[in-house]
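**Q** One structure is given below, represented as structure tokens, and several questions about it will come after.
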Amino acid sequence: MRQIKIATQHLDSFIEYGLMRGLSLDKIKSSYTNTDSNVVTKTEFYTTLRAISTGLNDPLMGIRTGEFLSLNALGLIYQISLKAVSVSEALYYLKDYINATLPIVQMDLSERTNSLEVNLSIDNNEIALNSILLETLLTIIGKEIRFMSDQNIQIILLSPGYNNQYPEGWIVGNTFSLKANKVKLKAAMHTHAKWQLEILVPAYLKFVESLKYQECFTNTVKITALNMAKPELPKLEIIADNLNITPRTFQRRLAIENITFRQINDELKKQLSKLLLQHKTFSVNNISDILGYTEPAAYIRAFKKWYGVTPNSFRNSDN
């Protein structure tokens with residue numbers, strides 16, 4: 001029987017989240033003896049996932065991993081969405097992608113006139129670990145569909161393990177599944193500048209890479225915030241929940257490093273603003289919206305505080 005191979009990038013996504021939560025890389029990879037940089041065996045995949053799950057001891061690990069990961073993290077819908085006209089078409093591309101890179105997962109699609117449903121399953125006895133993996137995939141699929149679509153899309157995520165600790169948008173179900181109404185993609189992506197993620201995401205990721213050489217809680221917060229950006233940066237409470245700590249503990253750990261969340265948020269907006277101004281397709285109003293300001297005037301005031309000039313003056317200079 002041919003041995004099942006799984007793309008390493010799927011495992012690396014869980015490893016990255018585990019590291020952000022403070023797990024030791026040596027402990028995570030204690031039985032990860034991969035010799036092929038592109039794939040791991042099913043045994044290696046589950047052994048490593050089990051080590052991360054045991055280390056975190058977090059019932060919502062799957063969902064939190066999915067929320068943490070940035071658009072390109074699993075290479076799921078974002079890349080294929082560039083070729084797709086509708087959500088259903090994008091999901092057909094996705095099914096082929098999962099079959100090729102994550103063959104333990106069975107993905108089934110069903111369509112009606114105005115709705116579609118995605119069902120995910122795994123046929124083995126690793127019930128707890130499968131739940132983590134499938135809830136991660138559902139979280140990412142739901143997140144990326146929202147990015148690709150207009151604001152009227154309705155998405156429901158279902159899990160047999162649902163309880164009242166699950167985030168809004170989840171309900172109990174007999175299977176791991178997603179239900180959504182059908183919408184067109186291209187019109188929404190071209191009429192809303194903030195959904196032009198083919199420009200925004202590389203800027204995010206470039207900045208994230210520059211942060212990975214620092215080991216401190218401040219850096220963990222920065223990377224988590226950038227990965228969870230939609231594209232506006234998440235609030236303190238959302239990041240704290242993703243790291244499975246209370247807002248008070250979150251703020252106390254930052255205080256130990258002599259920094260506040262407001263300062264981190266301000267610094268990220270400053271850096272992202274500089275990156276986004278390099279792209280002429282984004283107007284000052286667009287960038288103000290992307291960064292979560294209530295009005296352009298507030299963004300312009302903040303920018304002048306950072307750089308001493310207006311955004312347009314900065315854009316037209318040699319900076």
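Ligands are numbered from 1 in the order shown, residues from 1 within each chain, and chains are lettered A, B, ... in the order they appear in the structure tokens.
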Need the shell around segment 224-240 of chain A: protein/DNA/RNA residues with any atom at most 7 Å away, counting only C-alpha atoms. Skip same-chain ones fewer than 3 positions apart. Format as a PyMOL selection string?

**A** chain A and resi 67-70+204+220-221+243-247+250+261+290-292

**Q** Using DSSP on the backbone coordinates, identify the residues of segment 1-175 of chain A assigned to helix (DSSP H, G or I); present them as a PyMOL selection string.

**A** chain A and resi 8-20+25-28+42-56+61-68+77-81+87-101+127-148

**Q** Write down as a list in words the residues of segment 114-178 of chain A whose backbone DSSP state falls under strand (DSSP E).

**A**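 The strand (DSSP E) residues within segment 114-178 of chain A come out as Ser115, Leu116, Glu117, Val118, Asn119, Leu120, Ser121, Ile122, Ile155, Ile156, Leu157, Leu158, Ser159, Trp170, Ile171, Val172, Phe176, Ser177 and Leu178 of chain A.
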
**Q** Calculate how many Å separate atom CA of Asp58 of chain A from atom CA of Val40 of chain A, rounding to one decimal.

**A**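 For atom CA of Asp58 of chain A relative to atom CA of Val40 of chain A, the distance reads 24.3 Å.
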
**Q** Which residue, A:Lys274, A:Glu16, A:Asn219, A:Asn285, has the smallest gap to Ile259 of chain A when you use only C-alpha atoms?

**A**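 Looking at the shortest contact to Ile259 of chain A, the residue is A:Asn219.
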
**Q** Just how far from atom CA of Met107 of chain A is atom CA of Ala128 of chain A, in Å to one decimal?

**A**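 Separating atom CA of Ala128 of chain A from atom CA of Met107 of chain A is a distance of 18.5 Å.
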
**Q** List as an MDAnalysis selection string the protein and nucleic acid residues near Arg315 of chain A, meaning an atom at most 12 Å away when only C-alpha atoms are counted, but skip any in the same chain fewer than 6 places from it.

**A** chainID A and resid 273:280 282:284 303 307 309

**Q** Using only C-alpha atoms, which of the listed residues (A:Met20, A:Leu56, A:Ala298, A:Leu91) sits closest to Glu215 of chain A?

**A** A:Met20

**Q** Measure the distance from atom CA of Val105 of chain A to atom CA of Ile153 of chain A in Å and round it to one decimal.

**A**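 Between atom CA of Val105 of chain A and atom CA of Ile153 of chain A the gap works out to 25.5 Å.
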
**Q** Could you tell me which of A:Thr218, A:Lys270, A:Ser115, A:Leu60 comes closest to Ala255 of chain A if we count only C-alpha atoms?

**A**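 Of all the options, A:Thr218 lies closest to Ala255 of chain A.
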